[in-house]
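Chemist: Please read through the structure below; I'll follow up with questions.
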Amino acid sequence: MRHVFRDQTPQRLDLPVAAKPDSLDICFVPNGRYARVVERLRPGALEPGEIVHVDGRVLGRHEGIINFTVGQRRGIGIADAQGGGEPLYVVRLDAACKRVVVGPKPALAIAGMSLREVNWLGGAPAAGEGLGVTVKVRSAAPAVAATVFAAGEGARVAFGEPQYGVAPGQACVFYAGERVLGGGWIARAAAAAAAA
């Protein structure tokens with residue numbers, strides 16, 4: 001019979017690493033300079049461009065799209081002078097045009113998304129049949145109700161209620177209760193208005 005040690009922390013075991021702080025960063029990123037690492041991997045990510053409102057107005061300039069993420073509100077560096085002081089969020093990044101597109105929170109709402117490179121742990125639902133699940137697109141966010149459909153090598157997810165700040169490249173994991181059913185990478189998000 002295997003014995004499980006429940007209180008085997010580094011401190012209790014007197015390990016040399018007991019006083020070492022936890023690492024919450026990527027080990028190969030020196031001094032937290034993520035932008036420099038990405039610039040080496042993705043030339044052009046630090047080139048300046050326009051900050052554009054979803055309605056087409058140019059609101060300002062930026063020093064590289066690598067400094068922005070979908071859903072970001074703080075640190076955008078502009079204010080919507082004609083929008084009544086409404087907070088602006090990064091709605092999407094257009095890398096080809098070096099453009100950061102911003103808008104009010106409702107512009108972030110998505111009704112669903114398509115996934116690529118899906119790994120089904122319990123078998124994919126039959127073609128055309130949806131499977132009621134909960135999904136997570138951020139590790140710290142709560143799981144939300146959705147329906148997942150198999151779609152070729154990927155999947156399509158329809159949320160029960162619109163979600164905010166979801167972007168291509170993020171991971172999506174789907175669950176039945178606490179059981180992981182599978183997951184994949186977000187390929188494309190469908191705006192709530194477009195999906196309705």
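To be explicit about the labels: the chains of the structure tokens are called A, B, and onward in the order shown, and within each one the residues are counted from 1, while ligands get numbers from 1 in the order they are shown.
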So that I can see what lies close to segment 62-73 of chain A, please list as a PyMOL selection string the residues with an atom at most 9 Å from it, counting only C-alpha atoms and leaving out residues fewer than 3 positions away in the same chain.
Modeler: chain A and resi 34-35+38-39+44-51+76-77+87-95+98-100+105+108+164-167
Chemist: Go through A:Cys97, A:Trp120, A:Phe174, A:Leu181 one by one, measure the shortest atom-to-atom distance of each to Val52 of chain A using only C-alpha atoms, and give the residue with the smallest value.
Modeler: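 When distances to Val52 of chain A are compared using only C-alpha atoms, the smallest one comes from A:Cys97.
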Chemist: If you take only C-alpha atoms and a cut-off of 7 Å, which residues of segment 91-128 of chain A touch segment 150-153 of chain A, and what are their nearest atom pairs and distances in Å to one decimal, in chain and number order, as a Markdown table?
Modeler:
| residue | atom | partner | partner_atom | distance |
| --- | --- | --- | --- | --- |
| A:Arg116 | CA | A:Glu153 | CA | 6.8 |
| A:Glu117 | CA | A:Glu153 | CA | 6.5 |
| A:Val118 | CA | A:Glu153 | CA | 6.7 |
| A:Ala124 | CA | A:Ala150 | CA | 6.1 |
| A:Pro125 | CA | A:Ala150 | CA | 6.0 |
| A:Ala127 | CA | A:Ala150 | CA | 6.3 |
Chemist: Mind pulling up the distance from atom CA of Ala111 of chain A to atom CA of Leu131 of chain A?
Modeler: 16.2 Å
Chemist: Between atom CA of Gly103 of chain A and atom CA of Asp55 of chain A, what is the distance, to one decimal in Å?
Modeler: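 Separation of atom CA of Gly103 of chain A and atom CA of Asp55 of chain A: 8.1 Å.
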Chemist: Need to verify the contact set: segment 135-143 of chain A, 7 Å, only C-alpha atoms, exclusion of same-chain residues closer than 2 positions in sequence. Can you return it as a compact mmCIF listing (two decimals) with C-alpha atoms, in the first residue's frame?
Modeler:
# COMPACT_ATOMS: atom_id res chain seq x y z
CA VAL A 133 -19.69 21.55 -21.06
CA ALA A 145 -21.30 27.17 -19.56
CA ALA A 146 -20.90 26.40 -23.25
CA GLN A 170 -5.17 31.42 -25.82
CA ALA A 171 -5.86 27.90 -24.62
CA CYS A 172 -9.41 26.67 -24.08
CA VAL A 173 -10.15 23.64 -21.90
CA PHE A 174 -13.57 22.01 -21.60
CA TYR A 175 -14.92 20.05 -18.65
Chemist: Using DSSP on the backbone, list every residue of segment 110-173 of chain A that comes out as strand (DSSP E or B), and give them as an NGL selection string.
Modeler: :A and (110-120 or 131-136 or 144-151 or 154-163 or 171-173)
Chemist: Those residues you just picked out, can you put them in a file as a PDB file, in the first residue's frame with C-alpha atoms?
Modeler:
ATOM      1  CA  ILE A 110     -17.899  37.154 -28.104  1.00  0.00           C
ATOM      2  CA  ALA A 111     -20.564  34.500 -28.477  1.00  0.00           C
ATOM      3  CA  GLY A 112     -18.265  31.666 -29.468  1.00  0.00           C
ATOM      4  CA  MET A 113     -14.975  30.626 -30.983  1.00  0.00           C
ATOM      5  CA  SER A 114     -13.284  28.059 -33.142  1.00  0.00           C
ATOM      6  CA  LEU A 115     -10.430  25.940 -31.814  1.00  0.00           C
ATOM      7  CA  ARG A 116      -7.491  24.300 -33.552  1.00  0.00           C
ATOM      8  CA  GLU A 117      -5.280  21.388 -32.501  1.00  0.00           C
ATOM      9  CA  VAL A 118      -8.008  19.973 -30.260  1.00  0.00           C
ATOM     10  CA  ASN A 119      -7.145  17.056 -28.012  1.00  0.00           C
ATOM     11  CA  TRP A 120     -10.254  15.035 -27.058  1.00  0.00           C
ATOM     12  CA  LEU A 131     -21.974  18.575 -25.964  1.00  0.00           C
ATOM     13  CA  GLY A 132     -22.899  20.690 -22.907  1.00  0.00           C
ATOM     14  CA  VAL A 133     -19.688  21.551 -21.061  1.00  0.00           C
ATOM     15  CA  THR A 134     -18.015  24.240 -19.017  1.00  0.00           C
ATOM     16  CA  VAL A 135     -14.950  25.923 -20.496  1.00  0.00           C
ATOM     17  CA  LYS A 136     -12.019  27.923 -19.189  1.00  0.00           C
ATOM     18  CA  VAL A 144     -18.468  29.097 -17.901  1.00  0.00           C
ATOM     19  CA  ALA A 145     -21.298  27.167 -19.556  1.00  0.00           C
ATOM     20  CA  ALA A 146     -20.899  26.398 -23.245  1.00  0.00           C
ATOM     21  CA  THR A 147     -21.670  23.864 -25.946  1.00  0.00           C
ATOM     22  CA  VAL A 148     -18.787  22.303 -27.868  1.00  0.00           C
ATOM     23  CA  PHE A 149     -19.062  20.812 -31.366  1.00  0.00           C
ATOM     24  CA  ALA A 150     -16.444  18.733 -33.175  1.00  0.00           C
ATOM     25  CA  ALA A 151     -15.336  20.460 -36.385  1.00  0.00           C
ATOM     26  CA  GLY A 154     -10.771  21.324 -34.345  1.00  0.00           C
ATOM     27  CA  ALA A 155     -13.915  22.314 -32.511  1.00  0.00           C
ATOM     28  CA  ARG A 156     -16.463  25.094 -32.283  1.00  0.00           C
ATOM     29  CA  VAL A 157     -17.563  26.490 -28.920  1.00  0.00           C
ATOM     30  CA  ALA A 158     -20.812  28.417 -28.327  1.00  0.00           C
ATOM     31  CA  PHE A 159     -21.003  30.225 -24.982  1.00  0.00           C
ATOM     32  CA  GLY A 160     -24.175  30.283 -22.897  1.00  0.00           C
ATOM     33  CA  GLU A 161     -23.551  34.019 -22.292  1.00  0.00           C
ATOM     34  CA  PRO A 162     -21.152  36.402 -24.092  1.00  0.00           C
ATOM     35  CA  GLN A 163     -17.576  36.360 -22.801  1.00  0.00           C
ATOM     36  CA  ALA A 171      -5.863  27.898 -24.624  1.00  0.00           C
ATOM     37  CA  CYS A 172      -9.415  26.667 -24.080  1.00  0.00           C
ATOM     38  CA  VAL A 173     -10.145  23.636 -21.896  1.00  0.00           C
TER      39      VAL A 173
END
Chemist: Can you tell me how far atom CA of Pro168 of chain A sits from atom CA of Gly85 of chain A, in Å to one decimal?
Modeler: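 So the two atoms, atom CA of Pro168 of chain A and atom CA of Gly85 of chain A, lie 28.6 Å apart.
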Chemist: With distances taken over only C-alpha atoms, which residue among A:Glu178, A:Asp14, A:Val101, A:Ile78 lies nearest Gly56 of chain A?
Modeler: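 Result for the nearest residue to Gly56 of chain A: A:Val101.
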